[in-house]
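**Student:** Below is the file work_0.txt, with compact mmCIF, C-alpha atoms and all ligand atoms.
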# COMPACT_ATOMS: atom_id res chain seq x y z
CA MET A 1 -194.76 22.89 -0.79
CA GLU A 2 -195.16 22.03 -4.45
CA TYR A 3 -197.22 19.09 -5.67
CA THR A 4 -196.86 16.90 -8.74
CA THR A 5 -198.78 14.12 -10.42
CA LEU A 6 -197.36 10.76 -9.41
CA GLY A 7 -196.46 8.95 -12.63
CA SER A 8 -199.63 8.36 -14.64
CA THR A 9 -201.85 7.93 -11.58
CA GLY A 10 -203.49 11.35 -11.71
CA MET A 11 -202.89 11.45 -7.93
CA GLU A 12 -201.15 14.55 -6.58
CA VAL A 13 -198.24 14.15 -4.19
CA SER A 14 -195.86 16.60 -2.52
CA ARG A 15 -192.47 16.99 -4.26
CA LEU A 16 -190.95 15.37 -1.17
CA CYS A 17 -192.06 12.06 0.25
CA LEU A 18 -191.31 11.40 3.94
CA GLY A 19 -189.50 8.09 4.33
CA CYS A 20 -190.51 6.30 7.53
CA MET A 21 -187.67 3.76 7.74
CA SER A 22 -186.17 5.86 10.57
CA PHE A 23 -189.18 5.23 12.86
CA GLY A 24 -189.10 2.13 15.03
CA SER A 25 -186.41 0.26 16.90
CA GLY A 26 -184.38 -1.52 14.23
CA SER A 27 -181.18 0.50 14.93
CA ASP A 28 -179.79 2.89 17.53
CA TRP A 29 -180.39 5.93 15.32
CA MET A 30 -184.11 5.25 14.86
CA LEU A 31 -186.91 7.20 16.57
CA ASP A 32 -189.57 5.78 18.88
CA SER A 33 -193.29 6.35 18.32
CA GLU A 34 -193.48 9.71 20.10
CA GLU A 35 -190.44 11.17 18.31
CA GLY A 36 -191.52 9.67 14.98
CA ALA A 37 -194.96 11.22 15.37
CA GLU A 38 -193.39 14.67 15.85
CA ILE A 39 -191.56 14.36 12.51
CA ILE A 40 -194.69 13.13 10.70
CA GLU A 41 -196.81 15.92 12.19
CA ARG A 42 -194.25 18.58 11.25
CA ALA A 43 -194.07 17.12 7.72
CA ILE A 44 -197.84 17.53 7.41
CA ASP A 45 -197.59 21.13 8.69
CA LEU A 46 -195.03 21.76 5.96
CA GLY A 47 -197.37 20.43 3.26
CA ILE A 48 -195.97 16.90 2.82
CA ASN A 49 -198.84 14.55 1.96
CA PHE A 50 -196.81 11.53 0.80
CA PHE A 51 -195.38 8.88 3.18
CA ASP A 52 -193.35 5.76 2.46
CA THR A 53 -193.00 2.78 4.79
CA ALA A 54 -192.66 -1.02 4.49
CA ASN A 55 -193.83 -4.11 6.33
CA ALA A 56 -190.18 -4.92 7.05
CA TYR A 57 -189.16 -1.57 8.60
CA SER A 58 -188.49 -2.39 12.26
CA ASN A 59 -190.70 -5.46 11.79
CA GLY A 60 -193.80 -3.39 11.13
CA GLU A 61 -193.27 -0.78 13.87
CA SER A 62 -192.76 1.92 11.25
CA GLU A 63 -196.19 1.17 9.76
CA GLU A 64 -197.75 1.34 13.23
CA ILE A 65 -196.13 4.69 14.02
CA LEU A 66 -197.24 6.13 10.68
CA GLY A 67 -200.77 4.73 10.98
CA ASP A 68 -201.21 5.89 14.60
CA THR A 69 -200.07 9.40 13.74
CA LEU A 70 -202.13 9.72 10.56
CA ALA A 71 -205.21 8.55 12.50
CA GLY A 72 -205.35 12.09 13.87
CA TYR A 73 -205.75 13.52 10.37
CA ASP A 74 -208.18 13.30 7.49
CA ARG A 75 -207.18 10.09 5.70
CA ASP A 76 -208.36 11.52 2.36
CA GLU A 77 -205.58 14.11 2.46
CA GLN A 78 -202.68 11.67 2.83
CA VAL A 79 -201.02 9.38 0.27
CA VAL A 80 -199.63 6.30 2.01
CA ALA A 81 -197.19 3.88 0.42
CA THR A 82 -195.95 0.61 1.87
CA LYS A 83 -194.11 -2.46 0.56
CA VAL A 84 -193.94 -6.24 0.58
CA ARG A 85 -191.12 -8.69 -0.18
CA PHE A 86 -188.80 -8.81 2.85
CA ASP A 87 -189.40 -10.74 6.04
CA PRO A 88 -191.16 -8.52 8.59
CA GLY A 89 -189.56 -10.46 11.44
CA THR A 90 -192.25 -13.10 11.80
CA ASP A 91 -189.71 -15.70 10.83
CA HIS A 92 -191.77 -18.29 8.99
CA PRO A 93 -191.14 -19.57 5.47
CA ASN A 94 -193.97 -17.56 3.87
CA ALA A 95 -193.29 -14.23 5.58
CA ALA A 96 -191.12 -13.06 2.68
CA GLY A 97 -191.34 -13.15 -1.10
CA LEU A 98 -194.02 -12.24 -3.63
CA SER A 99 -196.16 -15.39 -3.75
CA ARG A 100 -199.95 -14.98 -3.62
CA LYS A 101 -199.88 -16.37 -0.07
CA THR A 102 -197.30 -13.88 1.16
CA ILE A 103 -198.86 -10.90 -0.63
CA GLU A 104 -202.36 -11.60 0.70
CA GLN A 105 -201.17 -12.17 4.28
CA GLU A 106 -198.69 -9.34 4.36
CA LEU A 107 -201.08 -6.84 2.80
CA ASP A 108 -203.65 -7.62 5.50
CA ASN A 109 -200.97 -7.33 8.19
CA SER A 110 -199.80 -3.97 6.80
CA LEU A 111 -203.36 -2.60 6.61
CA GLU A 112 -203.98 -3.68 10.18
CA ARG A 113 -200.79 -2.00 11.44
CA LEU A 114 -201.59 1.14 9.44
CA GLY A 115 -205.19 1.07 10.71
CA MET A 116 -206.45 1.57 7.15
CA ASP A 117 -208.78 -0.25 4.77
CA THR A 118 -206.84 0.74 1.66
CA VAL A 119 -203.24 1.63 0.96
CA ASP A 120 -202.66 4.21 -1.77
CA LEU A 121 -199.47 2.70 -3.20
CA TYR A 122 -198.38 -0.91 -2.65
CA GLN A 123 -194.86 -1.65 -3.82
CA ILE A 124 -192.95 -4.83 -4.45
CA HIS A 125 -189.77 -4.13 -2.48
CA ARG A 126 -187.54 -6.22 -4.79
CA TRP A 127 -187.85 -8.93 -7.45
CA ASP A 128 -188.64 -12.44 -6.21
CA GLU A 129 -186.71 -15.06 -8.17
CA LYS A 130 -188.86 -17.87 -6.72
CA THR A 131 -192.31 -16.65 -7.78
CA PRO A 132 -193.40 -16.26 -11.42
CA ILE A 133 -194.22 -12.59 -12.01
CA GLU A 134 -197.63 -13.61 -13.45
CA GLN A 135 -198.66 -14.94 -10.04
CA THR A 136 -197.48 -11.81 -8.24
CA ILE A 137 -199.34 -9.55 -10.68
CA ARG A 138 -202.57 -11.56 -10.46
CA ALA A 139 -202.45 -11.42 -6.64
CA LEU A 140 -201.80 -7.66 -6.68
CA ASP A 141 -204.52 -7.08 -9.28
CA ASP A 142 -207.02 -9.04 -7.17
CA ALA A 143 -206.17 -6.88 -4.15
CA VAL A 144 -206.81 -3.76 -6.23
CA ARG A 145 -210.20 -5.19 -7.30
CA ARG A 146 -211.01 -5.90 -3.63
CA GLY A 147 -210.33 -2.24 -2.80
CA LYS A 148 -207.30 -2.92 -0.61
CA ILE A 149 -204.79 -1.19 -2.89
CA ARG A 150 -205.19 1.89 -5.09
CA TYR A 151 -201.95 1.87 -7.12
CA LEU A 152 -199.02 -0.47 -7.60
CA GLY A 153 -195.33 0.30 -7.52
CA ALA A 154 -191.98 -1.49 -7.57
CA SER A 155 -188.57 -0.88 -6.04
CA SER A 156 -184.92 -1.53 -6.97
CA MET A 157 -184.53 -4.31 -9.51
CA TRP A 158 -182.86 -4.73 -12.90
CA ALA A 159 -184.51 -2.81 -15.72
CA HIS A 160 -185.08 -6.06 -17.66
CA GLN A 161 -187.05 -7.42 -14.68
CA PHE A 162 -189.20 -4.30 -14.43
CA ALA A 163 -189.74 -4.36 -18.22
CA ASP A 164 -190.91 -7.98 -17.79
CA ALA A 165 -193.32 -6.92 -15.03
CA LEU A 166 -194.76 -4.05 -17.11
CA HIS A 167 -195.13 -6.26 -20.18
CA THR A 168 -196.72 -9.10 -18.17
CA ALA A 169 -199.25 -6.76 -16.54
CA ASP A 170 -200.16 -5.49 -20.02
CA ASN A 171 -200.57 -9.03 -21.36
CA LEU A 172 -202.77 -10.02 -18.42
CA ASN A 173 -204.78 -6.80 -18.74
CA ALA A 174 -204.00 -6.35 -15.05
CA GLU A 175 -203.37 -3.27 -12.93
CA GLN A 176 -200.12 -1.67 -14.10
CA PHE A 177 -197.10 -0.62 -11.99
CA GLN A 178 -197.15 3.17 -11.70
CA THR A 179 -193.98 3.97 -9.75
CA MET A 180 -190.36 2.93 -9.41
CA GLN A 181 -188.65 3.49 -6.06
CA ASN A 182 -184.99 3.20 -7.02
CA HIS A 183 -181.62 4.13 -5.63
CA TYR A 184 -180.67 7.44 -7.23
CA ASN A 185 -178.67 10.46 -6.09
CA VAL A 186 -175.81 12.63 -7.34
CA VAL A 187 -173.15 10.07 -6.26
CA TYR A 188 -175.08 7.03 -7.50
CA ARG A 189 -176.36 7.49 -11.06
CA GLU A 190 -176.27 3.98 -12.50
CA GLU A 191 -180.07 4.12 -12.85
CA GLU A 192 -179.67 6.72 -15.61
CA ARG A 193 -178.50 3.97 -17.99
CA GLU A 194 -181.56 1.73 -18.22
CA MET A 195 -184.15 2.13 -15.47
CA ASN A 196 -184.83 5.87 -15.69
CA PRO A 197 -185.28 5.90 -19.50
CA LEU A 198 -187.55 2.84 -19.24
CA CYS A 199 -189.69 4.64 -16.64
CA ARG A 200 -189.83 7.77 -18.77
CA ASN A 201 -191.01 5.78 -21.83
CA GLU A 202 -193.66 3.96 -19.82
CA GLY A 203 -194.97 6.97 -17.88
CA VAL A 204 -193.80 5.45 -14.59
CA GLY A 205 -193.11 7.97 -11.79
CA LEU A 206 -189.72 7.93 -10.08
CA ILE A 207 -189.59 8.22 -6.28
CA PRO A 208 -185.89 7.69 -5.48
CA TRP A 209 -184.73 6.34 -2.13
CA GLY A 210 -181.46 7.42 -0.52
CA PRO A 211 -181.56 10.92 -2.08
CA LEU A 212 -178.80 11.95 0.35
CA ALA A 213 -176.87 8.72 -0.18
CA GLN A 214 -178.00 7.76 3.31
CA GLY A 215 -176.27 10.78 4.81
CA TYR A 216 -173.09 10.71 2.70
CA LEU A 217 -174.30 13.78 0.77
CA ALA A 218 -175.35 15.68 3.89
CA ARG A 219 -171.89 16.41 5.29
CA PRO A 220 -168.20 16.43 4.29
CA HIS A 221 -167.16 12.84 3.59
CA GLU A 222 -164.51 12.80 6.31
CA GLU A 223 -167.18 13.53 8.96
CA LEU A 224 -169.56 10.75 8.04
CA PHE A 225 -168.30 8.15 10.50
CA GLU A 226 -168.81 10.59 13.36
CA THR A 227 -172.59 10.16 13.13
CA THR A 228 -174.47 7.31 14.79
CA ARG A 229 -175.92 6.15 11.49
CA GLY A 230 -172.61 6.50 9.65
CA ASP A 231 -170.80 4.35 12.22
CA PRO A 232 -169.58 1.28 10.32
CA ASP A 233 -170.85 -0.95 13.13
CA GLN A 234 -174.42 0.19 12.49
CA LYS A 235 -176.68 -2.01 10.41
CA HIS A 236 -177.60 0.65 7.85
CA ASN A 237 -174.26 2.39 7.51
CA PRO A 238 -173.79 4.05 4.13
CA ASN A 239 -172.16 1.83 1.60
CA PRO A 240 -168.44 2.46 0.93
CA GLU A 241 -169.25 2.48 -2.79
CA TYR A 242 -170.31 6.12 -2.47
CA ARG A 243 -166.66 6.98 -1.91
CA ARG A 244 -165.50 5.19 -5.04
CA ALA A 245 -164.55 6.75 -8.34
CA GLY A 246 -165.70 10.40 -8.37
CA GLY A 247 -167.74 10.11 -5.16
CA THR A 248 -165.35 11.99 -2.91
CA GLU A 249 -164.90 14.83 -5.36
CA ILE A 250 -168.66 15.13 -5.88
CA ASN A 251 -169.11 15.33 -2.11
CA GLU A 252 -166.53 18.16 -2.04
CA ARG A 253 -168.25 19.98 -4.92
CA VAL A 254 -171.62 19.69 -3.17
CA ALA A 255 -170.01 21.28 -0.08
CA GLU A 256 -168.38 24.03 -2.18
CA LEU A 257 -171.63 24.92 -3.97
CA ALA A 258 -173.57 24.85 -0.70
CA ASP A 259 -171.06 27.29 0.77
CA GLU A 260 -171.28 29.61 -2.26
CA LYS A 261 -175.07 29.64 -2.27
CA GLY A 262 -175.53 29.84 1.52
CA LEU A 263 -177.31 26.49 1.60
CA THR A 264 -176.65 23.13 3.23
CA MET A 265 -175.14 20.17 1.40
CA ALA A 266 -178.41 18.28 1.84
CA GLN A 267 -180.33 21.10 0.16
CA ILE A 268 -177.99 21.09 -2.86
CA SER A 269 -178.25 17.29 -3.16
CA ILE A 270 -182.05 17.28 -2.91
CA ALA A 271 -182.30 20.19 -5.37
CA TRP A 272 -180.13 18.25 -7.86
CA LEU A 273 -182.68 15.41 -7.83
CA LEU A 274 -185.65 17.77 -8.04
CA HIS A 275 -184.13 19.29 -11.20
CA LYS A 276 -184.36 15.89 -12.95
CA ASP A 277 -187.74 16.02 -14.66
CA ILE A 278 -188.07 12.23 -14.42
CA VAL A 279 -188.14 12.51 -10.60
CA ASP A 280 -191.56 13.01 -9.02
CA ALA A 281 -190.65 12.96 -5.33
CA PRO A 282 -187.39 11.94 -3.59
CA ILE A 283 -187.99 9.99 -0.37
CA ILE A 284 -186.25 11.83 2.46
CA GLY A 285 -185.25 9.97 5.61
CA THR A 286 -184.64 12.13 8.65
CA THR A 287 -184.72 11.95 12.43
CA SER A 288 -184.57 15.72 12.92
CA ILE A 289 -187.19 18.46 12.62
CA GLU A 290 -184.46 20.91 11.61
CA HIS A 291 -183.30 18.63 8.77
CA LEU A 292 -186.88 18.08 7.67
CA GLU A 293 -187.47 21.84 7.48
CA ALA A 294 -184.21 22.30 5.54
CA ALA A 295 -185.20 19.54 3.11
CA VAL A 296 -188.52 21.25 2.45
CA GLU A 297 -186.71 24.53 1.71
CA ALA A 298 -184.76 22.67 -1.01
CA VAL A 299 -187.95 22.52 -3.08
CA ASP A 300 -187.45 26.25 -3.78
CA VAL A 301 -183.73 26.02 -4.63
CA THR A 302 -182.74 26.71 -8.24
CA LEU A 303 -179.56 25.28 -9.71
CA THR A 304 -178.23 26.57 -13.02
CA SER A 305 -177.32 24.09 -15.74
CA SER A 306 -173.63 24.92 -15.22
CA GLU A 307 -173.96 24.20 -11.48
CA ILE A 308 -175.62 20.87 -12.31
CA ASP A 309 -172.82 20.06 -14.79
CA TYR A 310 -170.22 20.96 -12.16
CA LEU A 311 -171.76 18.52 -9.66
CA GLU A 312 -172.07 15.75 -12.24
CA GLU A 313 -168.73 16.11 -14.00
CA PRO A 314 -166.58 13.91 -11.66
CA TYR A 315 -169.04 10.98 -11.79
CA GLU A 316 -167.62 7.66 -12.94
CA PRO A 317 -169.50 4.37 -13.19
CA VAL A 318 -169.66 2.35 -9.97
CA PRO A 319 -170.80 -1.23 -9.43
CA VAL A 320 -174.57 -1.50 -9.09
CA PHE A 321 -175.56 -1.70 -5.43
CA GLY A 322 -178.70 -1.33 -3.35
CA HIS A 323 -180.68 -3.97 -5.27
N1 LIG A 401 -186.88 0.80 -1.46
C1 LIG A 401 -185.79 0.59 -0.79
O1 LIG A 401 -185.14 -0.43 -0.95
C2 LIG A 401 -185.34 1.61 0.20
C3 LIG A 401 -184.04 1.55 0.74
C4 LIG A 401 -183.68 2.54 1.67
C5 LIG A 401 -184.58 3.54 2.00
N2 LIG A 401 -185.84 3.56 1.46
C6 LIG A 401 -186.81 4.64 1.77
O2 LIG A 401 -186.19 5.89 1.53
C7 LIG A 401 -186.21 6.67 2.73
C8 LIG A 401 -184.96 7.49 2.81
O3 LIG A 401 -183.85 6.63 2.89
P1 LIG A 401 -182.55 6.98 3.65
O4 LIG A 401 -182.90 7.44 5.04
O5 LIG A 401 -181.63 5.86 3.53
O6 LIG A 401 -181.97 8.13 2.77
P2 LIG A 401 -181.46 9.60 2.77
O7 LIG A 401 -182.61 10.55 2.91
O8 LIG A 401 -180.59 9.65 1.59
O9 LIG A 401 -180.49 9.74 4.01
C9 LIG A 401 -180.89 9.92 5.31
C10 LIG A 401 -179.70 10.49 6.07
O10 LIG A 401 -179.52 11.86 5.67
C11 LIG A 401 -179.61 12.70 6.80
N3 LIG A 401 -180.43 13.87 6.44
C12 LIG A 401 -181.69 13.87 5.96
N4 LIG A 401 -182.11 15.14 5.70
C13 LIG A 401 -181.07 15.94 6.04
C14 LIG A 401 -180.88 17.34 6.00
N5 LIG A 401 -181.81 18.18 5.56
N6 LIG A 401 -179.69 17.82 6.43
C15 LIG A 401 -178.71 16.98 6.87
N7 LIG A 401 -178.85 15.65 6.92
C16 LIG A 401 -180.01 15.14 6.50
C17 LIG A 401 -180.30 11.90 7.88
O11 LIG A 401 -179.79 12.30 9.12
P3 LIG A 401 -180.81 12.84 10.26
O12 LIG A 401 -181.63 11.67 10.64
O13 LIG A 401 -179.90 13.34 11.32
O14 LIG A 401 -181.64 13.94 9.61
C18 LIG A 401 -179.88 10.48 7.54
O15 LIG A 401 -178.64 10.14 8.13
C19 LIG A 401 -186.42 5.66 3.85
O16 LIG A 401 -187.02 6.24 4.99
C20 LIG A 401 -187.31 4.66 3.19
O17 LIG A 401 -188.66 5.12 3.22
C21 LIG A 401 -186.21 2.62 0.57
Now that the file is in, can you turn its structure into structure tokens?

**Tutor:**
Amino acid sequence: MEYTTLGSTGMEVSRLCLGCMSFGSGSDWMLDSEEGAEIIERAIDLGINFFDTANAYSNGESEEILGDTLAGYDRDEQVVATKVRFDPGTDHPNAAGLSRKTIEQELDNSLERLGMDTVDLYQIHRWDEKTPIEQTIRALDDAVRRGKIRYLGASSMWAHQFADALHTADNLNAEQFQTMQNHYNVVYREEEREMNPLCRNEGVGLIPWGPLAQGYLARPHEELFETTRGDPDQKHNPNPEYRRAGGTEINERVAELADEKGLTMAQISIAWLLHKDIVDAPIIGTTSIEHLEAAVEAVDVTLTSSEIDYLEEPYEPVPVFGH
């Protein structure tokens, strides 16, 4: 495994982050605690030290599975990220959002489920139109001062909103956002217009979600619906937008290059992201040890600039989605 510095934090993380959205009981394709623990343990064996979850994933079950598994390891060695913004299933008016009340309650709930006193990276899962960003930043900054959070991050929003958050934190002399968890992969590159350059200028680390376009980039496009997760009746089925514009041709070129190089499509797609110097660590979601091991091998894959150009060439703008 290779390690990199996460944004401007000075904290070292593995080049792959293990996404924990697949652990819990929110959908048929998710893994229970025992199966989830096996993936987390194998990830640690393979050198992964960076884990991403959220209060809303399976109503907090994902945090519990991650916390229970990591309890068997030295906490100092692991970098744990979670998020706040969406309703974690408690179904009361202040369960969601980014108000001081929600942040303080939900942070405590997350720490309890994780079985930890401090979370390494606490991310705002989306923008909250109802709460002034000043209030959100003051609440987050207070939690950092209280030792409950080490670093702050944000996820999928418009670049102008994130610029507002960065600027406001500066003005308040408050803890700054260090990471952006955005939707970015070889068939969805809208983030290259505004968000990625903003993050580069501000020294913010990129930890993209959906690096395999939620499975679309892991197999030929015509086979996607054959998987449980790709089934259109499933809650998290990949968005049809991936098939728009150049998306089908890119999928075919990923398959062609994988064949030529004796690799899997997932490995080519992950390697493409790892070749973007703005990207610190893609967040991989998997329910299979074999896929996890293959993803880790992608860290050593080299793509030439002409191979990268070949993959990128069919791309055409698509409507922004995933916010
Ligand atoms: N911030 C946000 O709004 C947001 C949104 C979505 C996700 N996330 C985070 O990002 C993580 C990843 O998201 P994701 O699961 O949607 O994205 P993903 O990694 O792009 O896609 C996961 C899909 O790819 C397949 N896959 C993974 N590795 C593979 C491999 N080596 N070979 C073949 N297939 C492979 C998985 O199937 P198998 O299970 O069969 O391996 C699964 O169907 C989540 O766990 C979560 O932590 C964040």

**Student:** Set out as CSV a contact list for chain A and ligand LIG 401 (chain A) with a cut-off of 6 Å, giving each residue of chain A that qualifies its closest atom pair and distance in Å to one decimal, counting all atoms listed in the file, ordered by chain and rising residue number.

**Tutor:**
residue,atom,partner,partner_atom,distance
A:Gly19,CA,A:LIG401,O16,3.2
A:Cys20,CA,A:LIG401,O16,4.3
A:Met21,CA,A:LIG401,O16,3.8
A:Ser22,CA,A:LIG401,O16,5.7
A:Asp52,CA,A:LIG401,O17,4.8
A:Thr53,CA,A:LIG401,O17,5.2
A:His125,CA,A:LIG401,N1,5.8
A:Ser155,CA,A:LIG401,N1,5.2
A:Gln181,CA,A:LIG401,N1,5.6
A:Trp209,CA,A:LIG401,O2,4.0
A:Gly210,CA,A:LIG401,O8,3.2
A:Pro211,CA,A:LIG401,O8,4.0
A:Leu212,CA,A:LIG401,O8,3.2
A:Ala213,CA,A:LIG401,O8,4.2
A:Gln214,CA,A:LIG401,O9,3.3
A:Gly215,CA,A:LIG401,O10,3.5
A:Ala218,CA,A:LIG401,N7,4.6
A:Arg229,CA,A:LIG401,O15,5.9
A:Ala266,CA,A:LIG401,N6,4.8
A:Ile283,CA,A:LIG401,O2,4.9
A:Ile284,CA,A:LIG401,O7,3.9
A:Gly285,CA,A:LIG401,O4,3.5
A:Thr286,CA,A:LIG401,O14,3.6
A:Thr287,CA,A:LIG401,O12,3.6
A:Ser288,CA,A:LIG401,O14,4.8
A:His291,CA,A:LIG401,N5,3.6
A:Leu292,CA,A:LIG401,N5,5.5
A:Ala294,CA,A:LIG401,N5,4.8
A:Ala295,CA,A:LIG401,N5,4.4

**Student:** Using only C-alpha atoms, find the one residue out of A:Ala43, A:Val299, A:Leu98, A:Met116 that sits nearest to A:Lys130.

**Tutor:**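 With only C-alpha atoms as the atom set, the closest residue is A:Leu98.
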
**Student:** Could you state the separation of atom CA of A:Pro88 and atom CA of A:Ser58 in Å, given to one decimal place?

**Tutor:** 7.6 Å

**Student:** If we count all atoms listed in the file, what is near stretch 305-309 of chain A at a cut-off of 12 Å, once residues fewer than 4 positions away on the same chain are taken out, given as a list of chain:residue names?

**Tutor:** A:Val186, A:Ile250, A:Arg253, A:Val254, A:Glu256, A:Leu257, A:Ala258, A:Glu260, A:Lys261, A:Ile268, A:Ser269, A:Ile270, A:Ala271, A:Trp272, A:Leu273, A:Leu274, A:His275, A:Lys276, A:Glu313, A:Pro314, A:Tyr315

**Student:** So that I can see what lies close to A:Ile149, please list as a list in words the residues with an atom at most 9 Å from it, counting all atoms listed in the file and leaving out residues fewer than 6 positions away in the same chain.

**Tutor:**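 Returned residues: Leu107, Asp117, Thr118, Val119, Asp120, Leu121, Tyr122, Leu140, Asp141 and Ala143 of chain A.
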
**Student:** Under the rule that all atoms listed in the file are counted, which of A:Tyr242, A:Leu114, A:Pro93, A:Leu31 is the nearest residue to A:Asp68?

**Tutor:**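 Of A:Tyr242, A:Leu114, A:Pro93, A:Leu31, the one nearest A:Asp68, counting all atoms listed in the file, is A:Leu114.
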
**Student:** So the first atom is atom CA of A:Met180 and the second is atom CA of A:Gly97; what is the distance between them in Å, to one decimal place?

**Tutor:**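 Between atom CA of A:Met180 and atom CA of A:Gly97 the gap works out to 18.1 Å.
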
**Student:** Near A:Arg200, counting all atoms listed in the file, which residues have an atom at most 10 Å away, once you skip same-chain residues fewer than 5 positions from it, shown as a short mmCIF file (atom, residue, chain, number, x, y, z; two decimals) with C-alpha atoms, in the frame of the given file?

**Tutor:**
data_model
loop_
_atom_site.label_atom_id
_atom_site.label_comp_id
_atom_site.auth_asym_id
_atom_site.auth_seq_id
_atom_site.Cartn_x
_atom_site.Cartn_y
_atom_site.Cartn_z
CA GLY A 7 -196.46 8.95 -12.63
CA MET A 195 -184.15 2.13 -15.47
CA GLY A 205 -193.11 7.97 -11.79
CA LEU A 206 -189.72 7.93 -10.08
CA ASP A 277 -187.74 16.02 -14.66
CA ILE A 278 -188.07 12.23 -14.42
CA VAL A 279 -188.14 12.51 -10.60
#

**Student:** Taking into account all atoms listed in the file, which residue in the set A:Asp300, A:Asp32, A:Glu64, A:Asp259 is nearest to A:Gly115?

**Tutor:** A:Glu64

**Student:** Write a file for stretch 253-258 of chain A of the given structure; include all heavy atoms and format it as a PDB file, in the first residue's frame.

**Tutor:**
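Final file, selection09.pdb:
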ATOM      1  N   ARG A 253     -14.146   1.405 -23.695  1.00  0.00           N
ATOM      2  CA  ARG A 253     -12.690   1.628 -23.762  1.00  0.00           C
ATOM      3  C   ARG A 253     -11.999   1.138 -22.480  1.00  0.00           C
ATOM      4  O   ARG A 253     -10.882   0.641 -22.537  1.00  0.00           O
ATOM      5  CB  ARG A 253     -12.393   3.115 -24.004  1.00  0.00           C
ATOM      6  CG  ARG A 253     -12.757   3.537 -25.413  1.00  0.00           C
ATOM      7  CD  ARG A 253     -12.241   4.927 -25.731  1.00  0.00           C
ATOM      8  NE  ARG A 253     -12.682   5.337 -27.058  1.00  0.00           N
ATOM      9  CZ  ARG A 253     -12.150   6.334 -27.758  1.00  0.00           C
ATOM     10  NH1 ARG A 253     -11.154   7.031 -27.247  1.00  0.00           N
ATOM     11  NH2 ARG A 253     -12.607   6.637 -28.953  1.00  0.00           N
ATOM     12  N   VAL A 254     -12.675   1.277 -21.364  1.00  0.00           N
ATOM     13  CA  VAL A 254     -12.115   0.750 -20.104  1.00  0.00           C
ATOM     14  C   VAL A 254     -11.975  -0.774 -20.243  1.00  0.00           C
ATOM     15  O   VAL A 254     -10.936  -1.355 -19.907  1.00  0.00           O
ATOM     16  CB  VAL A 254     -13.004   1.126 -18.887  1.00  0.00           C
ATOM     17  CG1 VAL A 254     -12.581   0.364 -17.636  1.00  0.00           C
ATOM     18  CG2 VAL A 254     -12.963   2.632 -18.623  1.00  0.00           C
ATOM     19  N   ALA A 255     -13.001  -1.418 -20.794  1.00  0.00           N
ATOM     20  CA  ALA A 255     -12.973  -2.880 -20.962  1.00  0.00           C
ATOM     21  C   ALA A 255     -11.842  -3.283 -21.923  1.00  0.00           C
ATOM     22  O   ALA A 255     -11.107  -4.249 -21.672  1.00  0.00           O
ATOM     23  CB  ALA A 255     -14.315  -3.361 -21.498  1.00  0.00           C
ATOM     24  N   GLU A 256     -11.706  -2.523 -23.011  1.00  0.00           N
ATOM     25  CA  GLU A 256     -10.680  -2.826 -24.025  1.00  0.00           C
ATOM     26  C   GLU A 256      -9.273  -2.709 -23.418  1.00  0.00           C
ATOM     27  O   GLU A 256      -8.438  -3.601 -23.584  1.00  0.00           O
ATOM     28  CB  GLU A 256     -10.871  -1.809 -25.159  1.00  0.00           C
ATOM     29  CG  GLU A 256     -10.063  -2.046 -26.384  1.00  0.00           C
ATOM     30  CD  GLU A 256     -10.205  -0.837 -27.329  1.00  0.00           C
ATOM     31  OE1 GLU A 256     -11.320  -0.283 -27.467  1.00  0.00           O
ATOM     32  OE2 GLU A 256      -9.171  -0.445 -27.895  1.00  0.00           O
ATOM     33  N   LEU A 257      -9.040  -1.626 -22.692  1.00  0.00           N
ATOM     34  CA  LEU A 257      -7.717  -1.407 -22.087  1.00  0.00           C
ATOM     35  C   LEU A 257      -7.429  -2.463 -21.013  1.00  0.00           C
ATOM     36  O   LEU A 257      -6.304  -2.955 -20.895  1.00  0.00           O
ATOM     37  CB  LEU A 257      -7.681   0.008 -21.489  1.00  0.00           C
ATOM     38  CG  LEU A 257      -6.310   0.616 -21.250  1.00  0.00           C
ATOM     39  CD1 LEU A 257      -5.495   0.697 -22.535  1.00  0.00           C
ATOM     40  CD2 LEU A 257      -6.467   2.036 -20.663  1.00  0.00           C
ATOM     41  N   ALA A 258      -8.462  -2.812 -20.263  1.00  0.00           N
ATOM     42  CA  ALA A 258      -8.297  -3.844 -19.223  1.00  0.00           C
ATOM     43  C   ALA A 258      -7.861  -5.156 -19.876  1.00  0.00           C
ATOM     44  O   ALA A 258      -6.948  -5.833 -19.410  1.00  0.00           O
ATOM     45  CB  ALA A 258      -9.604  -4.028 -18.464  1.00  0.00           C
TER      46      ALA A 258
END
